[in-house]
$ cat query.csv   # CSV, C-alpha atoms and all ligand atoms
chain,number,residue,atom,x,y,z
P,164,MET,CA,23.1,15.2,4.1
P,165,ASN,CA,20.5,13.2,2.2
P,166,LYS,CA,20.5,9.6,3.5
P,167,PHE,CA,20.0,6.8,1.1
P,168,TYR,CA,17.3,4.7,2.6
P,169,LYS,CA,16.0,1.8,0.4
P,170,LYS,CA,15.9,0.7,-3.1
P,171,GLY,CA,13.1,-1.5,-4.3
P,172,ALA,CA,12.3,-2.8,-7.8
P,173,GLU,CA,10.2,0.2,-8.7
P,174,ALA,CA,11.5,3.1,-6.5
P,175,GLU,CA,14.4,4.6,-4.7
P,176,LEU,CA,13.8,6.0,-1.3
P,177,THR,CA,16.0,8.6,0.3
P,178,GLN,CA,15.7,10.3,3.6
P,179,VAL,CA,15.7,14.1,3.1
P,180,LYS,CA,14.7,17.3,4.8
P,181,TYR,CA,11.7,19.3,3.7
P,182,LEU,CA,11.3,22.7,5.3
P,183,GLU,CA,13.3,21.4,8.3
P,184,LYS,CA,11.1,18.3,8.6
P,185,LYS,CA,12.3,14.8,8.4
P,186,ALA,CA,11.0,13.6,5.0
P,187,LEU,CA,11.2,10.8,2.5
P,188,SER,CA,11.7,11.1,-1.2
P,189,LYS,CA,10.3,8.3,-3.3
P,190,LYS,CA,11.6,8.4,-6.9
P,191,ARG,CA,10.4,6.0,-9.6
P,192,ILE,CA,13.3,4.2,-11.2
P,193,VAL,CA,14.0,4.4,-14.9
P,194,LYS,CA,13.4,1.1,-16.6
P,195,SER,CA,15.8,1.1,-19.5
P,196,TYR,CA,14.2,-2.0,-21.2
P,197,ARG,CA,11.2,0.1,-21.9
P,198,ASP,CA,10.9,2.7,-24.6
P,199,GLU,CA,12.1,6.0,-23.0
P,200,LYS,CA,8.9,8.0,-23.7
P,201,LEU,CA,6.6,5.1,-22.7
P,202,ASP,CA,8.7,4.6,-19.5
P,203,PHE,CA,8.4,8.2,-18.5
P,204,SER,CA,4.7,8.3,-19.1
P,205,ILE,CA,4.2,5.1,-17.0
P,206,ARG,CA,6.3,6.4,-14.1
P,207,LYS,CA,4.6,9.8,-14.3
P,208,LYS,CA,1.1,8.2,-14.2
P,209,ARG,CA,2.1,6.1,-11.2
P,210,VAL,CA,3.5,9.1,-9.3
P,211,ARG,CA,0.4,11.1,-10.1
P,212,SER,CA,-2.1,8.4,-9.0
P,213,GLU,CA,-0.1,7.5,-5.9
P,214,ALA,CA,-0.2,11.1,-4.7
P,215,LYS,CA,-3.9,11.5,-5.6
P,216,ILE,CA,-4.9,8.4,-3.7
P,217,ILE,CA,-2.8,9.3,-0.6
P,218,ARG,CA,-4.4,12.7,-0.6
P,219,ALA,CA,-7.9,11.2,-1.0
P,220,LEU,CA,-7.3,8.9,2.0
P,221,ALA,CA,-5.7,11.5,4.3
P,222,PRO,CA,-9.0,12.5,6.0
P,223,ILE,CA,-10.0,8.8,6.4
P,224,ILE,CA,-7.0,6.9,7.6
P,225,LYS,CA,-3.3,7.6,8.6
P,226,VAL,CA,-1.2,8.0,5.4
P,227,PRO,CA,2.1,10.0,5.1
P,228,GLU,CA,1.5,13.7,4.5
P,229,ILE,CA,2.4,14.6,0.9
P,230,TYR,CA,4.8,17.5,0.9
P,231,LEU,CA,5.7,17.8,-2.8
P,232,VAL,CA,5.0,16.0,-6.1
P,233,ASP,CA,7.5,16.5,-8.9
P,234,GLU,CA,6.1,14.8,-12.0
P,235,LYS,CA,9.1,15.6,-14.1
P,236,LYS,CA,11.4,13.9,-11.6
P,237,CYS,CA,8.8,11.2,-10.9
P,238,GLU,CA,9.2,12.0,-7.3
P,239,ILE,CA,7.1,12.4,-4.2
P,240,ILE,CA,8.4,13.9,-1.1
P,241,MET,CA,6.3,12.9,1.9
P,242,GLU,CA,6.3,12.7,5.7
P,243,PHE,CA,8.8,10.3,7.1
P,244,ILE,CA,7.0,7.8,9.3
P,245,ASN,CA,9.0,6.7,12.3
P,246,GLY,CA,8.2,3.1,13.0
P,247,LYS,CA,8.5,-0.4,11.8
P,248,MET,CA,6.8,-2.4,9.1
P,249,LEU,CA,3.8,-4.3,10.3
P,250,LYS,CA,5.6,-7.4,9.0
P,251,GLU,CA,8.2,-7.1,11.8
P,252,ILE,CA,5.8,-6.8,14.8
P,253,ILE,CA,2.6,-8.5,13.9
P,254,GLU,CA,3.7,-11.7,15.6
P,255,LYS,CA,4.1,-9.8,18.9
P,256,LYS,CA,1.0,-7.7,18.4
P,257,PRO,CA,-1.6,-9.9,16.6
P,258,GLY,CA,-4.3,-7.4,17.5
P,259,LEU,CA,-2.8,-5.1,14.8
P,260,ALA,CA,-4.0,-7.6,12.2
P,261,THR,CA,-7.6,-6.8,13.1
P,262,LYS,CA,-6.8,-3.1,13.0
P,263,ALA,CA,-5.4,-3.6,9.5
P,264,GLY,CA,-8.6,-5.3,8.4
P,265,GLU,CA,-10.7,-2.4,9.8
P,266,GLN,CA,-8.6,0.2,7.9
P,267,ILE,CA,-8.6,-1.8,4.6
P,268,LYS,CA,-12.4,-1.7,4.9
P,269,LYS,CA,-12.3,2.1,5.2
P,270,ILE,CA,-10.0,2.3,2.1
P,271,HIS,CA,-12.5,0.2,0.2
P,272,GLU,CA,-15.5,2.3,1.4
P,273,GLN,CA,-13.8,5.2,-0.5
P,274,ASP,CA,-13.8,3.0,-3.6
P,275,ILE,CA,-10.0,2.8,-3.5
P,276,ILE,CA,-8.1,-0.3,-4.3
P,277,HIS,CA,-4.6,-0.5,-2.8
P,278,GLY,CA,-3.3,-2.9,-5.4
P,279,ASP,CA,-0.3,-4.2,-3.4
P,280,LEU,CA,-1.5,-5.0,0.2
P,281,THR,CA,1.3,-6.6,2.2
P,282,THR,CA,2.5,-6.3,5.8
P,283,SER,CA,5.6,-4.4,4.3
P,284,ASN,CA,3.3,-1.7,3.0
P,285,ILE,CA,1.7,-1.0,6.4
P,286,LEU,CA,3.9,0.9,8.9
P,287,VAL,CA,3.3,0.9,12.6
P,288,ASP,CA,3.9,4.2,14.5
P,289,GLY,CA,3.1,3.5,18.2
P,290,GLU,CA,-0.4,1.9,18.1
P,291,GLU,CA,-1.3,3.6,14.8
P,292,LEU,CA,-1.1,2.0,11.4
P,293,CYS,CA,0.0,4.0,8.4
P,294,PHE,CA,-0.7,2.7,4.9
P,295,ILE,CA,1.9,3.4,2.2
P,296,ASP,CA,2.9,2.4,-1.4
P,297,PHE,CA,-0.3,3.2,-3.4
P,298,GLY,CA,1.6,3.1,-6.7
P,299,LEU,CA,-0.5,0.3,-8.0
P,300,GLY,CA,-3.7,1.8,-6.5
P,301,TYR,CA,-6.8,2.8,-8.4
P,302,PHE,CA,-10.4,3.9,-7.9
P,303,SER,CA,-13.1,1.3,-8.4
P,304,GLN,CA,-16.5,0.5,-7.0
P,305,LYS,CA,-16.5,-3.1,-8.1
P,306,ILE,CA,-16.8,-5.7,-5.5
P,307,GLU,CA,-14.6,-7.9,-7.7
P,308,ASP,CA,-11.7,-5.5,-7.4
P,309,LYS,CA,-12.1,-5.1,-3.7
P,310,ALA,CA,-12.2,-8.9,-3.2
P,311,THR,CA,-9.1,-9.3,-5.4
P,312,ASP,CA,-7.3,-6.7,-3.2
P,313,LEU,CA,-8.1,-8.9,-0.2
P,314,ILE,CA,-7.1,-12.1,-1.9
P,315,VAL,CA,-3.7,-10.6,-2.8
P,316,PHE,CA,-3.2,-9.6,0.8
P,317,LYS,CA,-4.4,-13.0,2.1
P,318,LYS,CA,-1.9,-14.9,-0.1
P,319,THR,CA,1.2,-12.9,1.0
P,320,PHE,CA,-0.1,-12.7,4.6
P,321,ASN,CA,-0.5,-16.4,5.0
P,322,ALA,CA,2.9,-17.1,3.3
P,323,THR,CA,4.7,-14.5,5.5
P,324,HIS,CA,2.9,-15.1,8.8
P,325,SER,CA,2.2,-18.8,8.6
P,326,SER,CA,3.0,-19.3,12.3
P,327,LEU,CA,0.5,-16.6,13.5
P,328,THR,CA,-2.5,-18.5,14.8
P,329,MET,CA,-5.8,-17.2,13.5
P,330,GLY,CA,-3.8,-14.6,11.6
P,331,TRP,CA,-6.0,-14.1,8.5
P,332,GLU,CA,-9.2,-14.6,10.6
P,333,LEU,CA,-8.0,-11.6,12.7
P,334,VAL,CA,-7.8,-9.5,9.5
P,335,MET,CA,-11.2,-10.6,8.4
P,336,LYS,CA,-12.6,-9.9,11.9
P,337,GLY,CA,-11.6,-6.3,11.4
P,338,TYR,CA,-12.8,-6.1,7.8
P,339,ASN,CA,-16.1,-7.7,8.6
P,340,PRO,CA,-17.0,-8.7,5.1
P,341,SER,CA,-20.6,-8.9,3.8
P,342,GLU,CA,-21.9,-12.2,2.7
P,343,GLU,CA,-21.6,-11.0,-0.9
P,344,MET,CA,-17.9,-10.2,-0.3
P,345,LYS,CA,-17.3,-13.6,1.3
P,346,LYS,CA,-18.8,-15.4,-1.6
P,347,ARG,CA,-16.9,-13.3,-4.2
P,348,MET,CA,-13.6,-14.1,-2.4
P,349,GLU,CA,-14.4,-17.8,-2.5
P,350,VAL,CA,-15.2,-17.6,-6.2
P,351,ILE,CA,-11.9,-15.8,-6.9
P,352,GLU,CA,-9.9,-18.3,-4.9
P,353,LYS,CA,-11.6,-21.3,-6.6
P,354,ARG,CA,-10.9,-19.8,-10.0
P,355,ALA,CA,-7.2,-19.3,-9.1
P,356,ARG,CA,-6.9,-22.9,-7.9
P,357,TYR,CA,-8.2,-24.4,-11.2
P,358,HIS,CA,-6.1,-22.2,-13.5
P,401,LIG,N1,6.7,7.6,4.3
P,401,LIG,C1,7.6,6.7,4.7
P,401,LIG,N2,8.2,6.8,6.0
P,401,LIG,C2,9.1,5.8,6.4
P,401,LIG,N3,9.4,4.8,5.6
P,401,LIG,C3,8.8,4.6,4.4
P,401,LIG,C4,7.9,5.5,3.9
P,401,LIG,N4,7.5,5.1,2.7
P,401,LIG,C5,8.2,4.0,2.5
P,401,LIG,N5,9.0,3.6,3.5
P,401,LIG,C6,9.8,2.5,3.6
P,401,LIG,O1,10.4,2.1,2.3
P,401,LIG,C7,9.9,0.9,1.9
P,401,LIG,C8,9.6,0.9,0.4
P,401,LIG,O2,8.6,1.9,0.1
P,401,LIG,P1,7.4,1.6,-0.8
P,401,LIG,O3,6.6,2.9,-0.9
P,401,LIG,O4,6.7,0.4,-0.3
P,401,LIG,O5,8.0,1.3,-2.2
P,401,LIG,P2,8.2,0.0,-3.1
P,401,LIG,O6,7.3,0.2,-4.3
P,401,LIG,O7,9.7,0.0,-3.5
P,401,LIG,O8,7.8,-1.2,-2.3
P,401,LIG,C9,8.7,0.6,2.8
P,401,LIG,O9,8.4,-0.8,2.9
P,401,LIG,C10,9.0,1.3,4.1
P,401,LIG,O10,9.9,0.4,4.9
P,402,MG,MG,6.3,-1.5,-0.9

$ encode --input "query.csv" --output "structure tokens"
Amino acid sequence: MNKFYKKGAEAELTQVKYLEKKALSKKRIVKSYRDEKLDFSIRKKRVRSEAKIIRALAPIIKVPEIYLVDEKKCEIIMEFINGKMLKEIIEKKPGLATKAGEQIKKIHEQDIIHGDLTTSNILVDGEELCFIDFGLGYFSQKIEDKATDLIVFKKTFNATHSSLTMGWELVMKGYNPSEEMKKRMEVIEKRARYH
């Protein structure tokens, strides 16, 4: 009945039913190289903060609805989003890059840092974007943290979508960064180049 869906480095995803609804279970995988107690506390913390961030963003942008959080099992059961990863369709619909930028801005306006922005962590349902995978997310007001979030995205974005003309500029058009943010991003990029 439960359908195995995907297994990543950190989590195992299974398609399940929750109160008759199509749902997805995301369970944090045990890392046996870590001390057992420490491993459990790390996984529990991630699950807790992922659920907290998704709930905080629910009134602001489209995120999967959280159905259940089981801290003991390190599991979140959430709405199953029908659709593809942005990665798979951005080349056909480059306008979605601008939309992604607009929504990342909204996330940052809530003082939330995603922590792992990639076009695999944004799902597309019709014309709507749905942000997922907030396991590395955290709350911060710092412009440095927001700029770093964007630089992480920029790096993987340019590497994954190198043939997309104006690709990153389209994201920035949506984000509409302040002068301060532009400068901070430049500083971080320069720093990275010389290290
Ligand atoms: N709520 C969801 N609905 C549908 N598919 C999902 C959902 N959450 C995750 N996925 C799929 O599973 C993949 C891995 O999930 P993700 O939360 O990104 O975990 P990981 O930490 O392993 O990257 C995603 O790239 C996406 O394809
Ligand atoms: Mg992911």

$ residues_near_point --input "query.csv" --point "(10.6, -0.8, 10.3)" --cutoff "10 Å" --atoms "only C-alpha atoms" --output "number ranges by chain"
P: 244-252, 283, 285-288

$ atom_distance --input "query.csv" --atom1 "CA of Gly337 (chain P)" --atom2 "CA of Gln266 (chain P)"
8.0 Å

$ residues_around --input "query.csv" --residues "region 271-280 of chain P" --least-positions-apart "4" --cutoff "7 Å" --atoms "all atoms listed in the file" --output "PyMOL selection string"
chain P and resi 267+284+297+299-304+309+312+315-316

$ closest_residue --input "query.csv" --among "P:Ile240, P:Tyr196, P:Arg218, P:Arg206" --to "Tyr181 (chain P)" --atoms "all atoms listed in the file"
P:Ile240

$ closest_residue --input "query.csv" --among "P:Lys184, P:Lys166, P:Lys208, P:Lys189" --to "ligand MG 402 (chain P)" --atoms "only C-alpha atoms and all ligand atoms"
P:Lys189

$ closest_residue --input "query.csv" --among "P:Ile223, P:Ile205, P:Ile217, P:Met329" --to "ligand LIG 401 (chain P)" --atoms "only C-alpha atoms and all ligand atoms"
P:Ile217

$ residues_near_point --input "query.csv" --point "(9.6, 4.8, -13.2)" --cutoff "7 Å" --atoms "all atoms listed in the file" --output "list of chain:residue names"
P:Glu173, P:Arg191, P:Ile192, P:Val193, P:Lys194, P:Asp202, P:Phe203, P:Ile205, P:Arg206, P:Cys237

$ write_last_selection --input "query.csv" --atoms "C-alpha atoms" --output "PDB file, keeping the file's coordinate frame"
ATOM      1  CA  GLU P 173      10.200   0.200  -8.700  1.00  0.00           C
ATOM      2  CA  ARG P 191      10.400   6.000  -9.600  1.00  0.00           C
ATOM      3  CA  ILE P 192      13.300   4.200 -11.200  1.00  0.00           C
ATOM      4  CA  VAL P 193      14.000   4.400 -14.900  1.00  0.00           C
ATOM      5  CA  LYS P 194      13.400   1.100 -16.600  1.00  0.00           C
ATOM      6  CA  ASP P 202       8.700   4.600 -19.500  1.00  0.00           C
ATOM      7  CA  PHE P 203       8.400   8.200 -18.500  1.00  0.00           C
ATOM      8  CA  ILE P 205       4.200   5.100 -17.000  1.00  0.00           C
ATOM      9  CA  ARG P 206       6.300   6.400 -14.100  1.00  0.00           C
ATOM     10  CA  CYS P 237       8.800  11.200 -10.900  1.00  0.00           C
TER      11      CYS P 237
END

$ closest_residue --input "query.csv" --among "P:Ala355, P:Ala186, P:Ile253, P:Leu231" --to "ligand LIG 401 (chain P)" --atoms "only C-alpha atoms and all ligand atoms"
P:Ala186

$ closest_residue --input "query.csv" --among "P:Ile306, P:Arg356, P:Leu176, P:Lys269" --to "Leu220 (chain P)" --atoms "only C-alpha atoms"
P:Lys269

$ atom_distance --input "query.csv" --atom1 "CA of Glu175 (chain P)" --atom2 "atom O9 of ligand LIG 401 (chain P)"
11.1 Å

$ closest_residue --input "query.csv" --among "P:Glu343, P:Asp233, P:Glu352, P:Glu213" --to "Lys305 (chain P)" --atoms "all atoms listed in the file"
P:Glu343

$ atom_distance --input "query.csv" --atom1 "CA of Glu183 (chain P)" --atom2 "atom N4 of ligand LIG 401 (chain P)"
18.2 Å

$ residues_around --input "query.csv" --residues "Glu234 (chain P)" --least-positions-apart "4" --cutoff "10 Å" --atoms "only C-alpha atoms" --output "list in words"
Lys190, Phe203, Ser204, Arg206, Lys207, Lys208, Arg209, Val210, Arg211, Glu238 and Ile239 of chain P
